[in-house]
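Enquirer: I am sharing upload08.tsv, which consists of TSV, C-alpha atoms:
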chain	number	residue	atom	x	y	z
A	1	MET	CA	146.65	42.33	26.81
A	2	PHE	CA	142.99	43.39	26.77
A	3	THR	CA	142.98	43.94	23.00
A	4	ASN	CA	144.95	40.81	22.18
A	5	VAL	CA	143.37	38.31	24.58
A	6	LEU	CA	140.25	39.42	26.43
A	7	ARG	CA	138.51	41.32	23.65
A	8	PRO	CA	138.48	38.36	21.21
A	9	ALA	CA	137.36	36.08	24.03
A	10	LEU	CA	134.47	38.36	24.94
A	11	LEU	CA	133.40	38.73	21.32
A	12	ALA	CA	133.43	34.96	20.93
A	13	ALA	CA	131.37	34.66	24.12
A	14	SER	CA	128.81	37.09	22.68
A	15	ARG	CA	127.78	34.31	20.26
A	16	SER	CA	127.85	31.46	22.80
A	17	PRO	CA	124.47	30.19	24.15
A	18	ARG	CA	126.27	28.42	27.02
A	19	VAL	CA	128.02	31.59	28.19
A	20	GLU	CA	124.81	33.52	27.70
A	21	ARG	CA	123.00	31.22	30.15
A	22	SER	CA	125.78	31.67	32.72
A	23	VAL	CA	126.09	35.44	32.41
A	24	SER	CA	122.34	36.01	32.31
A	25	GLY	CA	121.94	34.07	35.54
A	26	MET	CA	124.33	36.28	37.53
A	27	SER	CA	122.66	38.74	39.87
A	28	ALA	CA	125.41	41.28	39.18
A	29	THR	CA	124.74	41.28	35.46
A	30	ARG	CA	121.50	43.24	35.66
A	31	LYS	CA	123.28	46.15	37.36
A	32	LEU	CA	125.55	46.73	34.40
A	33	VAL	CA	122.90	45.89	31.82
A	34	ASP	CA	120.74	48.68	33.26
A	35	ARG	CA	123.62	51.05	32.64
A	36	PHE	CA	123.72	50.24	28.92
A	37	VAL	CA	120.09	49.30	28.14
A	38	ALA	CA	117.07	51.59	28.60
A	39	GLY	CA	114.67	48.97	29.92
A	40	SER	CA	112.71	46.20	28.26
A	41	SER	CA	109.56	48.03	27.14
A	42	GLU	CA	108.65	50.89	24.80
A	43	GLU	CA	107.43	52.89	27.80
A	44	GLN	CA	110.78	52.57	29.60
A	45	ALA	CA	112.66	53.49	26.44
A	46	ALA	CA	110.42	56.51	25.90
A	47	ALA	CA	111.25	57.76	29.41
A	48	ALA	CA	114.96	57.59	28.58
A	49	ILE	CA	114.33	59.43	25.32
A	50	ARG	CA	112.49	62.26	27.05
A	51	ASN	CA	115.34	62.62	29.53
A	52	LEU	CA	117.95	62.83	26.76
A	53	ARG	CA	115.92	65.26	24.72
A	54	GLY	CA	115.63	67.43	27.83
A	55	SER	CA	119.40	67.94	27.64
A	56	ASP	CA	119.28	68.75	23.89
A	57	ARG	CA	120.72	65.43	22.80
A	58	PHE	CA	119.40	63.67	19.72
A	59	VAL	CA	118.39	60.02	19.98
A	60	THR	CA	118.52	56.86	17.90
A	61	ILE	CA	116.72	53.91	19.41
A	62	ASP	CA	117.28	50.21	18.76
A	63	TYR	CA	114.99	47.33	19.69
A	64	LEU	CA	117.54	44.68	20.63
A	65	GLY	CA	117.73	41.44	18.72
A	66	GLU	CA	119.82	39.84	15.97
A	67	ASP	CA	120.40	36.61	14.03
A	68	THR	CA	116.67	35.84	13.94
A	69	THR	CA	115.84	32.49	12.32
A	70	ASP	CA	112.11	32.50	13.11
A	71	ILE	CA	109.77	34.49	10.87
A	72	ARG	CA	107.38	35.00	13.78
A	73	GLN	CA	110.14	36.62	15.80
A	74	ALA	CA	111.07	38.85	12.88
A	75	ARG	CA	107.46	39.99	12.59
A	76	ALA	CA	107.32	40.61	16.34
A	77	THR	CA	110.39	42.84	16.01
A	78	VAL	CA	108.62	44.86	13.32
A	79	SER	CA	105.63	45.25	15.65
A	80	HIS	CA	107.87	46.61	18.41
A	81	TYR	CA	109.32	49.19	16.02
A	82	LEU	CA	105.87	50.25	14.85
A	83	GLU	CA	104.74	50.67	18.46
A	84	MET	CA	107.84	52.72	19.26
A	85	LEU	CA	107.25	54.92	16.21
A	86	ARG	CA	103.68	55.55	17.34
A	87	MET	CA	105.07	56.76	20.66
A	88	LEU	CA	107.78	58.87	19.03
A	89	ALA	CA	105.20	60.53	16.78
A	90	GLU	CA	103.50	61.86	19.92
A	91	LEU	CA	106.63	63.60	21.22
A	92	PRO	CA	106.70	67.34	20.48
A	93	GLU	CA	109.50	67.81	17.94
A	94	SER	CA	109.98	70.43	15.25
A	95	ALA	CA	110.40	69.32	11.63
A	96	GLU	CA	114.06	70.32	11.38
A	97	SER	CA	116.38	69.35	8.53
A	98	VAL	CA	118.24	67.19	11.05
A	99	ARG	CA	115.75	64.88	12.72
A	100	PRO	CA	116.24	64.71	16.51
A	101	LEU	CA	114.58	61.28	16.66
A	102	GLU	CA	115.66	58.16	14.82
A	103	VAL	CA	115.38	54.38	15.02
A	104	SER	CA	118.20	51.96	14.22
A	105	LEU	CA	117.53	48.57	12.60
A	106	LYS	CA	119.50	45.34	12.49
A	107	LEU	CA	118.44	43.54	9.34
A	108	SER	CA	119.26	40.14	10.83
A	109	ALA	CA	116.55	40.85	13.43
A	110	LEU	CA	114.11	41.51	10.58
A	111	GLY	CA	114.67	38.15	8.90
A	112	GLN	CA	117.87	38.59	6.89
A	113	SER	CA	119.23	35.33	8.35
A	114	LEU	CA	116.22	33.25	7.33
A	115	SER	CA	117.18	30.39	5.05
A	116	HIS	CA	114.47	31.14	2.48
A	117	ASP	CA	114.16	34.65	0.99
A	118	GLY	CA	115.83	36.25	4.01
A	119	HIS	CA	117.13	39.20	1.99
A	120	ALA	CA	113.70	40.02	0.57
A	121	ILE	CA	111.92	39.50	3.89
A	122	ALA	CA	114.31	41.83	5.73
A	123	ARG	CA	114.03	44.44	2.96
A	124	ASP	CA	110.22	44.36	3.06
A	125	HIS	CA	110.14	44.56	6.85
A	126	ALA	CA	112.56	47.50	6.79
A	127	HIS	CA	110.43	49.20	4.12
A	128	GLN	CA	107.39	48.86	6.40
A	129	ILE	CA	109.30	50.47	9.28
A	130	CYS	CA	110.67	53.26	7.07
A	131	THR	CA	107.15	54.04	5.84
A	132	ALA	CA	105.91	54.40	9.43
A	133	ALA	CA	109.00	56.43	10.37
A	134	MET	CA	108.46	58.86	7.50
A	135	ALA	CA	104.89	59.43	8.64
A	136	ALA	CA	106.12	60.04	12.20
A	137	GLY	CA	108.86	62.47	11.15
A	138	VAL	CA	111.56	60.08	12.37
A	139	TRP	CA	114.77	59.01	10.65
A	140	VAL	CA	115.96	55.40	10.20
A	141	THR	CA	119.52	54.07	10.08
A	142	VAL	CA	120.40	50.49	9.16
A	143	ASP	CA	122.99	49.04	11.54
A	144	ALA	CA	126.06	47.09	10.49
A	145	GLU	CA	126.64	43.55	11.72
A	146	ASP	CA	129.39	41.02	11.05
A	147	HIS	CA	131.09	41.05	7.64
A	148	THR	CA	129.07	38.13	6.26
A	149	THR	CA	126.00	40.39	6.14
A	150	THR	CA	127.65	43.48	4.62
A	151	ASP	CA	126.90	42.87	0.93
A	152	SER	CA	123.25	42.04	1.60
A	153	THR	CA	122.86	44.97	4.01
A	154	LEU	CA	124.29	47.56	1.64
A	155	ALA	CA	122.25	46.16	-1.25
A	156	ILE	CA	119.07	46.53	0.83
A	157	VAL	CA	120.08	50.08	1.78
A	158	ARG	CA	120.49	50.97	-1.91
A	159	GLU	CA	117.06	49.50	-2.67
A	160	LEU	CA	115.36	51.32	0.19
A	161	ARG	CA	116.97	54.67	-0.61
A	162	VAL	CA	114.96	54.78	-3.84
A	163	ASP	CA	111.87	55.45	-1.70
A	164	PHE	CA	113.63	56.83	1.39
A	165	PRO	CA	116.65	58.89	0.26
A	166	TRP	CA	117.24	60.05	3.85
A	167	LEU	CA	117.90	56.48	5.03
A	168	GLY	CA	121.19	56.13	6.91
A	169	THR	CA	123.55	53.21	7.23
A	170	VAL	CA	126.55	52.19	9.31
A	171	LEU	CA	130.05	51.48	8.05
A	172	GLN	CA	132.71	49.88	10.26
A	173	ALA	CA	136.27	51.19	9.93
A	174	TYR	CA	137.93	47.93	10.92
A	175	LEU	CA	136.76	46.26	7.71
A	176	ARG	CA	139.32	46.55	4.93
A	177	ARG	CA	136.60	47.40	2.41
A	178	THR	CA	135.13	50.34	4.31
A	179	GLU	CA	137.18	53.20	2.86
A	180	SER	CA	135.91	52.20	-0.58
A	181	ASP	CA	132.35	51.85	0.77
A	182	CYS	CA	132.60	55.36	2.23
A	183	ARG	CA	133.46	56.73	-1.20
A	184	ASP	CA	130.53	54.87	-2.73
A	185	PHE	CA	128.03	56.05	-0.09
A	186	ALA	CA	129.17	59.65	0.52
A	187	GLY	CA	126.94	61.10	-2.19
A	188	PRO	CA	124.25	63.78	-1.89
A	189	GLY	CA	121.63	63.06	0.76
A	190	SER	CA	123.49	60.12	2.29
A	191	ARG	CA	123.82	59.64	6.03
A	192	ILE	CA	126.70	57.45	7.17
A	193	ARG	CA	127.42	56.47	10.75
A	194	LEU	CA	131.12	55.66	10.97
A	195	CYS	CA	132.16	53.40	13.85
A	196	LYS	CA	135.25	51.31	14.50
A	197	GLY	CA	133.45	47.95	14.62
A	198	ALA	CA	132.31	45.62	17.37
A	199	TYR	CA	132.36	42.05	16.00
A	200	ARG	CA	135.02	39.36	15.92
A	201	GLU	CA	136.32	39.31	12.35
A	202	PRO	CA	139.11	37.38	10.57
A	203	ALA	CA	142.27	39.15	9.46
A	204	THR	CA	141.39	38.47	5.84
A	205	VAL	CA	138.57	41.03	5.98
A	206	ALA	CA	139.36	43.23	8.99
A	207	PHE	CA	142.29	45.08	10.49
A	208	GLN	CA	143.38	43.44	13.74
A	209	ASP	CA	145.83	46.00	15.11
A	210	ARG	CA	144.37	48.96	16.97
A	211	ALA	CA	146.64	51.43	15.17
A	212	GLU	CA	145.49	50.07	11.80
A	213	VAL	CA	141.84	50.41	12.82
A	214	ASP	CA	142.46	53.98	13.98
A	215	GLY	CA	144.23	54.78	10.71
A	216	SER	CA	141.32	53.41	8.71
A	217	TYR	CA	138.85	55.40	10.81
A	218	LEU	CA	140.74	58.62	10.13
A	219	ARG	CA	140.89	57.95	6.38
A	220	CYS	CA	137.18	57.14	6.27
A	221	LEU	CA	136.40	60.24	8.30
A	222	GLU	CA	138.21	62.41	5.76
A	223	VAL	CA	136.27	60.81	2.90
A	224	LEU	CA	132.92	61.42	4.59
A	225	MET	CA	133.67	64.97	5.72
A	226	HIS	CA	134.71	65.93	2.18
A	227	GLY	CA	131.77	64.06	0.64
A	228	ASP	CA	128.29	65.36	-0.12
A	229	GLY	CA	126.42	63.51	2.62
A	230	TYR	CA	125.86	63.89	6.35
A	231	PRO	CA	128.60	62.21	8.43
A	232	MET	CA	127.68	60.69	11.79
A	233	VAL	CA	130.84	60.27	13.85
A	234	ALA	CA	130.26	57.37	16.26
A	235	THR	CA	133.11	57.33	18.75
A	236	HIS	CA	134.00	57.76	22.42
A	237	ASP	CA	137.70	58.13	21.60
A	238	PRO	CA	139.00	61.64	22.45
A	239	ILE	CA	141.56	61.39	19.65
A	240	MET	CA	138.86	60.66	17.08
A	241	ILE	CA	136.63	63.43	18.45
A	242	GLU	CA	139.42	65.96	17.97
A	243	ALA	CA	140.13	64.53	14.52
A	244	ALA	CA	136.47	65.03	13.60
A	245	TYR	CA	136.67	68.68	14.65
A	246	ARG	CA	139.72	69.17	12.43
A	247	ALA	CA	138.25	67.27	9.48
A	248	ALA	CA	135.00	69.24	9.68
A	249	ALA	CA	136.90	72.53	9.78
A	250	ALA	CA	139.06	71.50	6.81
A	251	ALA	CA	135.93	70.57	4.85
A	252	GLU	CA	134.26	73.84	5.94
A	253	ARG	CA	131.36	71.99	7.52
A	254	LYS	CA	129.14	73.84	9.95
A	255	PRO	CA	128.10	72.15	13.24
A	256	ASP	CA	124.67	71.33	11.81
A	257	GLU	CA	126.22	69.50	8.84
A	258	PHE	CA	127.47	66.50	10.81
A	259	GLU	CA	126.96	64.95	14.23
A	260	PHE	CA	128.70	62.96	16.92
A	261	GLN	CA	127.16	59.75	18.25
A	262	MET	CA	127.75	57.92	21.52
A	263	LEU	CA	126.20	54.99	23.34
A	264	TYR	CA	123.63	55.21	26.10
A	265	GLY	CA	125.35	55.01	29.48
A	266	ILE	CA	128.87	55.75	28.25
A	267	ARG	CA	130.72	59.08	28.77
A	268	ASP	CA	127.62	61.04	29.76
A	269	GLU	CA	129.69	64.06	30.82
A	270	GLU	CA	131.47	64.13	27.46
A	271	GLN	CA	128.11	63.92	25.69
A	272	ARG	CA	126.92	66.97	27.61
A	273	ARG	CA	130.20	68.80	26.96
A	274	LEU	CA	129.90	68.35	23.21
A	275	VAL	CA	126.32	69.67	23.25
A	276	ALA	CA	127.43	72.65	25.35
A	277	ASP	CA	130.17	73.27	22.79
A	278	GLY	CA	127.51	73.68	20.11
A	279	GLN	CA	127.89	70.24	18.55
A	280	GLN	CA	125.08	67.91	17.54
A	281	LEU	CA	125.22	64.71	19.59
A	282	ARG	CA	123.01	61.66	19.16
A	283	VAL	CA	122.75	58.90	21.76
A	284	TYR	CA	122.26	55.28	20.70
A	285	VAL	CA	119.56	53.94	23.04
A	286	PRO	CA	118.92	50.16	23.01
A	287	TYR	CA	115.99	48.50	24.76
A	288	GLY	CA	114.37	45.09	24.93
A	289	ASP	CA	115.01	41.67	26.44
A	290	GLU	CA	117.54	40.41	23.87
A	291	TRP	CA	120.39	42.36	25.44
A	292	TYR	CA	123.08	39.67	25.79
A	293	GLY	CA	125.02	40.11	22.52
A	294	TYR	CA	124.94	43.89	22.82
A	295	PHE	CA	126.04	43.73	26.47
A	296	MET	CA	129.03	41.48	25.73
A	297	ARG	CA	130.20	43.74	22.92
A	298	ARG	CA	130.13	46.69	25.29
A	299	LEU	CA	132.31	44.74	27.75
A	300	ALA	CA	134.69	43.94	24.89
A	301	GLU	CA	135.03	47.56	23.83
A	302	ARG	CA	136.53	49.09	26.95
A	303	PRO	CA	138.53	47.65	29.87
A	304	ALA	CA	136.67	50.02	32.20
A	305	ASN	CA	133.35	48.35	31.37
A	306	LEU	CA	134.73	44.89	32.11
A	307	ALA	CA	136.43	46.08	35.31
A	308	PHE	CA	133.13	47.55	36.53
A	309	PHE	CA	131.40	44.23	35.90
A	310	LEU	CA	134.12	42.16	37.59
A	311	ARG	CA	134.11	44.39	40.68
A	312	SER	CA	130.38	43.79	41.04
A	313	LEU	CA	131.03	40.04	41.21
A	314	ARG	CA	133.26	40.24	44.28
A	315	PRO	CA	131.84	38.91	47.55
A	316	GLY	CA	130.35	41.74	49.55
A	317	ALA	CA	130.07	44.02	46.55
A	318	ARG	CA	127.00	46.23	46.58
A	319	ARG	CA	124.38	44.89	44.17
Just dump the structure as structure tokens.

Expert:
Amino acid sequence: MFTNVLRPALLAASRSPRVERSVSGMSATRKLVDRFVAGSSEEQAAAAIRNLRGSDRFVTIDYLGEDTTDIRQARATVSHYLEMLRMLAELPESAESVRPLEVSLKLSALGQSLSHDGHAIARDHAHQICTAAMAAGVWVTVDAEDHTTTDSTLAIVRELRVDFPWLGTVLQAYLRRTESDCRDFAGPGSRIRLCKGAYREPATVAFQDRAEVDGSYLRCLEVLMHGDGYPMVATHDPIMIEAAYRAAAAAERKPDEFEFQMLYGIRDEEQRRLVADGQQLRVYVPYGDEWYGYFMRRLAERPANLAFFLRSLRPGARR
């Protein structure tokens, strides 16, 4: 029932300004938001980063925001990333082949959705951030969004990789095109974060059945593990984690030749277990005030997240 009814409803709500006003006004909302989001400022995010690095976890950090239609807001987002990179450059990190610190970018937050020259504006803003990241010794990965942005996003990634061959990108297994995209992007030096997908998509472009999505994820995982790049396995699913172990072994990959990725605030014990098992694990750490869309997608992903939120709404519940 959750997959067939509630998940689509929550994903639809993630794009609704009316629902956003209602949810944002609930006193219980902040409790769960704090579980998933590392504060609103660069200083608060940096504190979370230091804590995660203290337990030998890698970090990728995202300044929240998407679907920007105001050039001033896009420029403000760039400024936040530049400030974060200045702070990250001050953290003591060795120049390893695998960078412990990374930032993640949503191109729609950088101006991709602007009606005039959005593609070029987002590309130039991302280039500015990548330049600062390179100077700071920090990686960058370009996030995936809904399917309408995929062609533009991957085109920008190709353009940026001319100057920044270490640039990563995200591919979503629920899209029917993704297995082919994995083959195209699994070349030398590539970094691909493979996730299942978190947007509401039509059946014409995306698998709707959970078993089909899982099957696509496994096929894509095999392509990336046997490719020449650096796979980043973004999943909380125990079945997919075990599959990644098997695929890495079959491809004769060492633990430092791929990594697992999980979200901030989700399955912390499993994150620590993977690190203790000798695996590389990177935590996706979002921060900022534009948390609503991200928050709703987290509720849509797992019944446990929604149940936790609903329990906090009950009269007498501890806030």

Enquirer: Report, in Å with one decimal, the straight-line distance from atom CA of A:Ala203 to atom CA of A:Ser108.

Expert: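 Rounded to one decimal, the two atoms are 23.1 Å apart.
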
Enquirer: Excluding A:Ser55 and any residue of its chain fewer than 6 positions from it, enumerate the residues within 10 Å of it, using all atoms listed in the file, and give them as an MDAnalysis selection string.

Expert: chainID A and resid 271:272 275:276

Enquirer: Restricted to C-alpha atoms, what would the selected residues look like written as an mmCIF file, in the frame of the given file?

Expert:
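File produced: part.cif:
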data_model
loop_
_atom_site.group_PDB
_atom_site.id
_atom_site.type_symbol
_atom_site.label_atom_id
_atom_site.label_comp_id
_atom_site.auth_asym_id
_atom_site.auth_seq_id
_atom_site.Cartn_x
_atom_site.Cartn_y
_atom_site.Cartn_z
ATOM 1 C CA GLN A 271 128.110 63.920 25.690
ATOM 2 C CA ARG A 272 126.920 66.970 27.610
ATOM 3 C CA VAL A 275 126.320 69.670 23.250
ATOM 4 C CA ALA A 276 127.430 72.650 25.350
#

Enquirer: What gap, in Å, lies between atom CA of A:Ala155 and atom CA of A:Thr77?

Expert: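 About the pair atom CA of A:Ala155 and atom CA of A:Thr77: they are 21.2 Å apart.
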
Enquirer: Which residue gives the smallest distance to A:Ile71 among A:Leu167, A:Val233, A:Leu114, A:Leu101, with only C-alpha atoms counted?

Expert: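 With only C-alpha atoms as the atom set, the closest residue is A:Leu114.
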
Enquirer: Between stretch 18-124 of chain A and stretch 190-202 of chain A, at 12 Å or less, what are the per-residue closest atom pairs and their distances in Å? Count only C-alpha atoms, order by chain and rising residue number, and return it as a tab-separated table.

Expert:
residue	atom	partner	partner_atom	distance
A:Thr60	CA	A:Arg193	CA	11.4
A:Val98	CA	A:Arg191	CA	10.6
A:Arg99	CA	A:Arg191	CA	11.7
A:Ser104	CA	A:Arg193	CA	10.8

Enquirer: Write out as a PyMOL selection string which residues come within 7 Å of stretch 215-231 of chain A when counting all atoms listed in the file, dropping same-chain ones fewer than 4 positions away.

Expert: chain A and resi 173-174+179+182-183+186-193+196+211+247-248+251+257-259

Enquirer: Could those selected residues go to a file with C-alpha atoms, as a tab-separated table (two decimals), in the coordinates of the input?

Expert:
chain	number	residue	atom	x	y	z
A	173	ALA	CA	136.27	51.19	9.93
A	174	TYR	CA	137.93	47.93	10.92
A	179	GLU	CA	137.18	53.20	2.86
A	182	CYS	CA	132.60	55.36	2.23
A	183	ARG	CA	133.46	56.73	-1.20
A	186	ALA	CA	129.17	59.65	0.52
A	187	GLY	CA	126.94	61.10	-2.19
A	188	PRO	CA	124.25	63.78	-1.89
A	189	GLY	CA	121.63	63.06	0.76
A	190	SER	CA	123.49	60.12	2.29
A	191	ARG	CA	123.82	59.64	6.03
A	192	ILE	CA	126.70	57.45	7.17
A	193	ARG	CA	127.42	56.47	10.75
A	196	LYS	CA	135.25	51.31	14.50
A	211	ALA	CA	146.64	51.43	15.17
A	247	ALA	CA	138.25	67.27	9.48
A	248	ALA	CA	135.00	69.24	9.68
A	251	ALA	CA	135.93	70.57	4.85
A	257	GLU	CA	126.22	69.50	8.84
A	258	PHE	CA	127.47	66.50	10.81
A	259	GLU	CA	126.96	64.95	14.23

Enquirer: So which one's closest to A:Arg86, A:Gly65, A:Ala136, A:Thr131, A:Ala46? Using only C-alpha atoms, please.

Expert: A:Ala136

Enquirer: Considering only C-alpha atoms, can you say which of A:Val205, A:Ala244, A:Asp256, A:Pro238 comes closest to A:Glu270?

Expert: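 Selected residue with least distance to A:Glu270: A:Pro238.
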
Enquirer: Just give me the gap between atom CA of A:Gly265 and atom CA of A:Asp56 in Å, one decimal is fine.

Expert: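 So the two atoms, atom CA of A:Gly265 and atom CA of A:Asp56, lie 16.0 Å apart.
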
Enquirer: Would you pick out the contacts of A:Thr141 at 8 Å or less, using only C-alpha atoms, so that residues sharing its chain but fewer than 6 positions from it are not included, and give the list as a list of chain:residue names?

Expert: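 In the requested form, the answer reads A:Glu102, A:Val103, A:Ser104, A:Leu105, A:Leu167, A:Gly168, A:Thr169, A:Val170.
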
Enquirer: Using all atoms listed in the file, which of A:Tyr294, A:Phe164, A:Tyr287, A:Phe36 sits nearest A:Tyr63?

Expert: A:Tyr287

Enquirer: For each of A:Lys106, A:Arg18, A:Arg75, A:Arg50, take the minimum atom-to-atom distance to A:Thr149, counting only C-alpha atoms, then give the residue where this is smallest.

Expert: A:Lys106

Enquirer: Looking at A:Ala74, A:Glu83, A:Ser113, A:Arg246, which one is nearest to A:Ser41, with distances taken over all atoms listed in the file?

Expert: A:Glu83

Enquirer: List the neighbours of A:Ala135 out to 12 Å using all atoms listed in the file; skip same-chain residues closer than 5 positions along the sequence, and give me the result as number ranges by chain.

Expert: A: 82, 85-86, 88-90, 95, 128-130, 140, 164
